[in-house]
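Data from protein-v4.cif: mmCIF, C-alpha atoms and all ligand atoms
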data_target
loop_
_atom_site.label_atom_id
_atom_site.label_comp_id
_atom_site.auth_asym_id
_atom_site.auth_seq_id
_atom_site.Cartn_x
_atom_site.Cartn_y
_atom_site.Cartn_z
CA MET X 1 101.65 100.45 104.93
CA THR X 2 102.54 101.87 101.52
CA THR X 3 104.70 100.76 98.63
CA PRO X 4 108.21 102.24 98.94
CA ALA X 5 108.59 105.43 96.92
CA SER X 6 111.30 103.76 94.79
CA SER X 7 108.93 101.25 93.12
CA PRO X 8 106.75 102.87 90.46
CA THR X 9 103.08 102.27 91.08
CA ALA X 10 100.57 101.71 88.28
CA ALA X 11 97.72 102.59 90.64
CA ARG X 12 97.45 103.69 94.26
CA VAL X 13 95.11 105.10 96.85
CA VAL X 14 96.18 107.41 99.67
CA ASP X 15 94.25 107.73 102.97
CA ALA X 16 91.23 106.29 101.17
CA VAL X 17 87.95 106.57 103.05
CA LYS X 18 84.64 105.40 101.59
CA VAL X 19 81.42 105.80 103.53
CA TYR X 20 78.18 104.42 102.10
CA GLY X 21 74.94 106.01 103.36
CA THR X 22 74.52 108.56 106.13
CA GLY X 23 73.61 108.78 109.81
CA ASP X 24 72.80 105.58 111.71
CA THR X 25 72.97 103.44 108.59
CA ALA X 26 76.37 104.74 107.38
CA VAL X 27 78.93 102.03 106.55
CA ARG X 28 82.64 102.90 106.56
CA ALA X 29 83.73 100.45 103.83
CA LEU X 30 87.27 101.91 103.58
CA ASP X 31 88.77 103.39 106.70
CA GLY X 32 92.02 105.15 105.75
CA VAL X 33 93.66 102.75 103.28
CA SER X 34 96.96 103.70 101.63
CA VAL X 35 98.27 101.13 99.18
CA GLY X 36 100.20 101.15 95.91
CA PHE X 37 100.01 98.50 93.22
CA PRO X 38 103.50 98.18 91.70
CA ALA X 39 103.85 98.44 87.92
CA GLY X 40 104.63 95.18 86.13
CA ARG X 41 103.34 93.06 89.01
CA PHE X 42 100.33 90.88 89.78
CA THR X 43 98.72 91.87 93.11
CA ALA X 44 95.79 90.13 94.78
CA ILE X 45 93.46 91.86 97.27
CA MET X 46 92.12 89.46 99.89
CA GLY X 47 90.05 89.71 103.03
CA PRO X 48 86.89 88.42 104.66
CA SER X 49 83.47 89.14 103.15
CA GLY X 50 82.59 92.80 103.68
CA SER X 51 86.20 93.86 104.36
CA GLY X 52 86.11 96.40 101.50
CA LYS X 53 87.90 94.54 98.67
CA SER X 54 85.45 95.46 95.89
CA THR X 55 85.09 99.00 97.20
CA LEU X 56 88.87 99.44 97.12
CA MET X 57 89.06 98.07 93.58
CA HIS X 58 86.16 100.20 92.32
CA CYS X 59 87.59 103.39 93.84
CA ALA X 60 91.16 102.65 92.63
CA ALA X 61 89.81 102.00 89.11
CA GLY X 62 87.67 105.14 88.95
CA LEU X 63 84.38 103.20 88.90
CA ASP X 64 83.38 104.83 92.19
CA THR X 65 84.55 107.92 94.09
CA LEU X 66 86.14 108.15 97.53
CA THR X 67 84.54 110.04 100.40
CA SER X 68 88.03 111.40 101.22
CA GLY X 69 91.60 110.66 100.28
CA SER X 70 92.84 110.22 96.72
CA ALA X 71 93.11 107.58 94.00
CA HIS X 72 95.75 107.69 91.27
CA ILE X 73 96.33 105.85 88.00
CA GLY X 74 99.98 106.46 87.15
CA GLY X 75 100.52 110.17 87.74
CA THR X 76 96.85 111.12 87.35
CA GLU X 77 94.72 111.85 90.41
CA LEU X 78 91.23 110.63 89.55
CA GLY X 79 89.48 113.19 91.77
CA THR X 80 90.75 116.01 89.56
CA LEU X 81 89.03 114.66 86.43
CA ASP X 82 85.56 115.63 85.24
CA ASP X 83 83.20 112.82 84.16
CA ARG X 84 84.25 112.97 80.51
CA ARG X 85 87.97 112.74 81.26
CA LEU X 86 87.41 110.01 83.85
CA THR X 87 85.47 107.93 81.29
CA GLN X 88 88.27 108.52 78.80
CA LEU X 89 90.93 107.46 81.33
CA ARG X 90 89.02 104.27 82.19
CA ARG X 91 88.65 103.47 78.50
CA ASP X 92 92.24 104.21 77.49
CA ARG X 93 94.34 103.35 80.54
CA VAL X 94 92.43 100.74 82.53
CA GLY X 95 91.29 97.21 81.66
CA PHE X 96 88.59 95.25 83.49
CA VAL X 97 87.82 91.56 83.94
CA PHE X 98 84.57 90.76 85.76
CA GLN X 99 83.24 87.55 87.27
CA GLY X 100 80.43 87.41 84.68
CA PHE X 101 82.69 87.81 81.58
CA ASN X 102 80.57 90.73 80.20
CA LEU X 103 81.18 89.90 76.53
CA VAL X 104 78.92 91.27 73.79
CA PRO X 105 76.97 88.22 72.54
CA THR X 106 76.43 89.52 69.00
CA LEU X 107 80.14 90.11 68.38
CA THR X 108 82.75 87.50 67.47
CA VAL X 109 85.71 86.73 69.70
CA ALA X 110 87.96 88.94 67.54
CA GLU X 111 85.43 91.80 67.67
CA ASN X 112 85.02 91.47 71.44
CA ILE X 113 88.79 91.64 71.93
CA ARG X 114 89.01 94.75 69.73
CA LEU X 115 85.97 96.43 71.30
CA PRO X 116 87.78 98.89 73.64
CA LEU X 117 90.01 99.95 70.74
CA ASP X 118 87.06 100.37 68.38
CA LEU X 119 85.12 102.39 70.98
CA ALA X 120 88.14 104.66 71.40
CA GLY X 121 88.58 104.97 67.61
CA ARG X 122 92.06 103.47 67.92
CA THR X 123 93.62 101.07 65.43
CA GLY X 124 95.66 99.27 68.06
CA ASP X 125 98.93 97.49 67.56
CA PRO X 126 98.45 94.34 65.41
CA ASP X 127 101.60 92.67 66.83
CA TRP X 128 100.35 93.27 70.37
CA LEU X 129 96.90 91.85 69.56
CA ASP X 130 98.59 88.84 67.96
CA THR X 131 100.70 88.27 71.07
CA LEU X 132 97.60 88.49 73.26
CA ILE X 133 95.64 86.03 71.12
CA ASP X 134 98.54 83.57 71.48
CA ILE X 135 98.79 84.11 75.25
CA VAL X 136 95.07 83.36 75.72
CA GLY X 137 95.18 80.51 73.17
CA LEU X 138 92.15 81.55 71.12
CA ARG X 139 93.53 81.76 67.60
CA ASP X 140 91.21 78.97 66.36
CA ARG X 141 88.14 80.61 67.97
CA LEU X 142 88.41 84.16 66.62
CA HIS X 143 85.26 83.96 64.49
CA HIS X 144 83.10 82.23 67.10
CA ARG X 145 80.46 84.03 69.19
CA PRO X 146 80.62 83.94 73.02
CA THR X 147 77.69 81.46 73.26
CA GLU X 148 79.78 78.96 71.28
CA LEU X 149 82.52 79.03 73.92
CA SER X 150 82.93 77.46 77.37
CA GLY X 151 82.97 79.73 80.43
CA GLY X 152 86.75 79.42 80.67
CA GLN X 153 87.17 80.36 77.01
CA GLN X 154 84.82 83.34 77.45
CA GLN X 155 86.88 84.58 80.38
CA ARG X 156 90.05 84.18 78.28
CA VAL X 157 88.41 86.47 75.68
CA ALA X 158 87.62 88.95 78.46
CA VAL X 159 91.27 88.84 79.58
CA ALA X 160 92.52 89.52 76.04
CA ARG X 161 89.99 92.38 75.73
CA ALA X 162 91.17 93.88 79.03
CA PHE X 163 94.77 93.99 77.76
CA ALA X 164 93.97 95.00 74.15
CA GLY X 165 94.62 98.72 74.57
CA ARG X 166 97.87 98.18 76.54
CA PRO X 167 96.33 99.67 79.71
CA ASP X 168 98.43 100.88 82.65
CA VAL X 169 96.56 98.44 84.86
CA VAL X 170 94.00 95.63 84.57
CA PHE X 171 91.57 95.21 87.47
CA ALA X 172 90.00 91.76 87.85
CA ASP X 173 87.06 91.25 90.23
CA GLU X 174 86.73 87.56 91.23
CA PRO X 175 87.67 86.52 87.66
CA THR X 176 87.39 82.80 88.48
CA GLY X 177 84.18 83.08 90.52
CA ASN X 178 82.03 81.52 87.77
CA LEU X 179 84.52 78.91 86.60
CA ASP X 180 85.30 75.31 87.54
CA SER X 181 88.70 74.87 89.15
CA ARG X 182 90.49 73.73 85.98
CA SER X 183 89.22 76.68 83.88
CA GLY X 184 89.93 78.98 86.81
CA GLU X 185 93.54 77.76 86.96
CA GLU X 186 93.89 78.41 83.22
CA VAL X 187 92.60 81.96 83.51
CA LEU X 188 94.85 82.69 86.52
CA GLY X 189 97.83 81.19 84.71
CA LEU X 190 97.29 83.42 81.73
CA LEU X 191 96.80 86.54 83.90
CA GLY X 192 100.19 85.69 85.40
CA ARG X 193 101.73 85.11 81.95
CA ALA X 194 100.29 88.38 80.66
CA VAL X 195 102.01 90.20 83.54
CA ARG X 196 105.33 88.41 83.20
CA GLN X 197 105.59 88.23 79.40
CA THR X 198 104.31 91.72 78.66
CA ALA X 199 105.25 93.67 81.82
CA ARG X 200 101.62 94.65 82.42
CA THR X 201 100.04 95.25 85.85
CA VAL X 202 97.14 93.26 87.28
CA VAL X 203 95.17 93.89 90.48
CA MET X 204 92.76 91.07 91.35
CA VAL X 205 90.10 90.85 94.04
CA THR X 206 89.50 87.31 95.25
CA HIS X 207 88.41 85.42 98.34
CA ASP X 208 90.15 82.24 97.11
CA PRO X 209 93.65 81.56 98.56
CA VAL X 210 94.49 79.26 95.63
CA ALA X 211 93.66 82.06 93.17
CA ALA X 212 95.58 84.65 95.21
CA ALA X 213 98.65 82.38 95.25
CA HIS X 214 99.08 83.11 91.51
CA ALA X 215 99.88 86.73 92.37
CA ASP X 216 103.33 88.17 93.11
CA GLU X 217 101.96 89.76 96.25
CA VAL X 218 98.78 89.66 98.35
CA VAL X 219 97.41 92.65 100.26
CA PHE X 220 94.99 91.86 103.07
CA LEU X 221 92.04 93.98 104.12
CA ALA X 222 89.99 93.62 107.29
CA ASP X 223 87.21 95.99 108.37
CA GLY X 224 88.11 98.51 105.68
CA ARG X 225 91.79 98.70 106.68
CA LEU X 226 94.96 97.36 105.11
CA VAL X 227 96.27 94.90 107.66
CA ASP X 228 99.08 93.03 105.90
CA ARG X 229 100.99 92.34 102.68
CA MET X 230 102.57 89.02 101.65
CA ALA X 231 105.17 88.64 98.90
CA SER X 232 105.63 85.35 96.99
CA PRO X 233 102.46 83.91 98.53
CA THR X 234 101.49 80.26 98.70
CA ALA X 235 97.89 79.08 99.18
CA ASP X 236 98.79 77.54 102.56
CA HIS X 237 100.44 80.69 103.87
CA ILE X 238 97.48 82.80 102.71
CA LEU X 239 95.01 80.43 104.33
CA ASP X 240 96.95 80.55 107.62
CA ARG X 241 97.01 84.36 107.52
CA MET X 242 93.26 84.52 106.79
CA LYS X 243 92.51 82.15 109.68
CA ALA X 244 94.64 84.34 111.99
CA PHE X 245 92.64 87.44 110.95
CA GLU X 246 89.33 85.67 111.48
CA LYS X 247 90.45 84.46 114.93
CA ALA X 248 91.58 87.99 115.85
CA GLN X 249 88.19 89.35 114.75
CA VAL X 250 86.28 86.78 116.82
CA THR X 251 88.34 87.46 119.98
CA SER X 252 88.40 91.27 119.66
N1 LIG X 301 76.43 100.36 97.57
C1 LIG X 301 76.55 100.12 98.87
N2 LIG X 301 75.73 100.69 99.76
C2 LIG X 301 75.85 100.45 101.10
N3 LIG X 301 76.80 99.67 101.62
C3 LIG X 301 77.66 99.06 100.78
C4 LIG X 301 77.58 99.25 99.36
N4 LIG X 301 78.56 98.51 98.78
C5 LIG X 301 79.22 97.90 99.79
N5 LIG X 301 78.68 98.23 100.99
C6 LIG X 301 79.16 97.79 102.31
O1 LIG X 301 80.53 98.14 102.43
C7 LIG X 301 81.26 97.10 103.07
C8 LIG X 301 82.37 96.63 102.15
O2 LIG X 301 81.78 96.01 101.01
P1 LIG X 301 82.63 95.39 99.82
O3 LIG X 301 81.67 94.87 98.81
O4 LIG X 301 83.67 96.35 99.38
O5 LIG X 301 83.37 94.17 100.57
P2 LIG X 301 84.06 92.87 99.96
O6 LIG X 301 85.26 92.63 100.82
O7 LIG X 301 84.28 93.06 98.51
O8 LIG X 301 82.96 91.77 100.25
P3 LIG X 301 82.63 90.39 99.48
O9 LIG X 301 83.85 89.52 99.62
O10 LIG X 301 81.47 89.84 100.26
O11 LIG X 301 82.29 90.74 98.06
C9 LIG X 301 80.26 96.02 103.42
O12 LIG X 301 79.84 96.21 104.76
C10 LIG X 301 79.11 96.27 102.47
O13 LIG X 301 77.89 95.85 103.00
#
Output the structure of this file as structure tokens.
Ligand SMILES: Nc1ncnc2c1ncn2[C@@H]1O[C@H](COP(=O)(O)OP(=O)(O)OP(=O)(O)O)[C@@H](O)[C@H]1O
Amino acid sequence: MTTPASSPTAARVVDAVKVYGTGDTAVRALDGVSVGFPAGRFTAIMGPSGSGKSTLMHCAAGLDTLTSGSAHIGGTELGTLDDRRLTQLRRDRVGFVFQGFNLVPTLTVAENIRLPLDLAGRTGDPDWLDTLIDIVGLRDRLHHRPTELSGGQQQRVAVARAFAGRPDVVFADEPTGNLDSRSGEEVLGLLGRAVRQTARTVVMVTHDPVAAAHADEVVFLADGRLVDRMASPTADHILDRMKAFEKAQVTS
């Protein structure tokens, strides 16, 4: 199952295999996955615990390397890059949102948002940063430090930071995992708005059907394989599909 060649992909993996360890203890976390994440869309990766979601995200984002197969950001194959160029690509073309926010406590909100640009020695586009600050609703908090913010507000800062350099793709790993449901809904809503209002691309790993229902499409993993895709998902449909996979696993 791949994305049709006609839709441009912001990121993709082809025949991706990832094996952790060797010999008797080897774990095949990805077992021949080919999947494209369409540009300008919000895609969720779902699947049971241990199905390979985080591994897929880490390998697609260049945070980890594949055992075989290839990973691409836009037209760049990550396996062809040396460490320096891979670091540069991650910094300049990829944004990240993690479960634990990962903000720098000594910097203000404004400084945290600008951090990827400052590290890259880039000025950034002031109009773009302004738009982002409005999307995440933090204009009145720009001079606060992360400890002065709620968890939901901190994650909104992390979202703005992820988009600050206009990356090709933003990868979010369980971005609502540490939030109450209301703050989680806010963060998911603004990820969706960021995609729709600014034509950016988001790929989110989650185990929560309600979170995944915010995406334009859900891809399902089971046992390291891509087993299904669902467009225009609803939480109920996702839950039904997940239950069907779990039942199939129990009976197989
Ligand atoms: N660093 C590692 N060393 C050895 N095995 C690993 C490592 N990371 C992941 N695995 C194994 O690879 C498989 C896939 O793990 P992965 O974390 O990608 O799954 P996941 O779907 O994200 O799970 P969860 O929803 O529980 O976070 C699991 O069997 C896991 O135990």
Hey, which of X:Asp208, X:Glu185, X:Asp168, X:Asp118 ends up closest to Arg93 (chain X)? Count only C-alpha atoms.
X:Asp168
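A cut-off of 10 Å from the point (99.9, 81.1, 92.1), with only C-alpha atoms, picks out the residues Glu185, Leu188, Gly189, Gly192, Pro209, Val210, Ala211, Ala212, Ala213, His214, Ala215, Asp216, Glu217, Ser232, Pro233, Thr234 and Ala235 of chain X.
The nearest approach to ligand LIG 301 (chain X) among the residues X:Val159, X:Val94, X:Met204, X:Leu179, with all atoms listed in the file taken into account, belongs to X:Met204.
Those protein and nucleic acid residues that have any atom within 6 Å of ligand LIG 301 (chain X) are, using only C-alpha atoms and all ligand atoms, Tyr20, Val27, Ala29, Pro48, Ser49, Gly50, Ser51, Gly52, Lys53, Ser54 and Thr55 of chain X.
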I need the residue nearest Asn178 (chain X) from this list: X:Val157, X:Asp134, X:Thr65, X:Gly152. Use only C-alpha atoms for the distance.
X:Gly152
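Note that CA of Val136 (chain X) and CA of Leu56 (chain X) are 27.5 Å apart.
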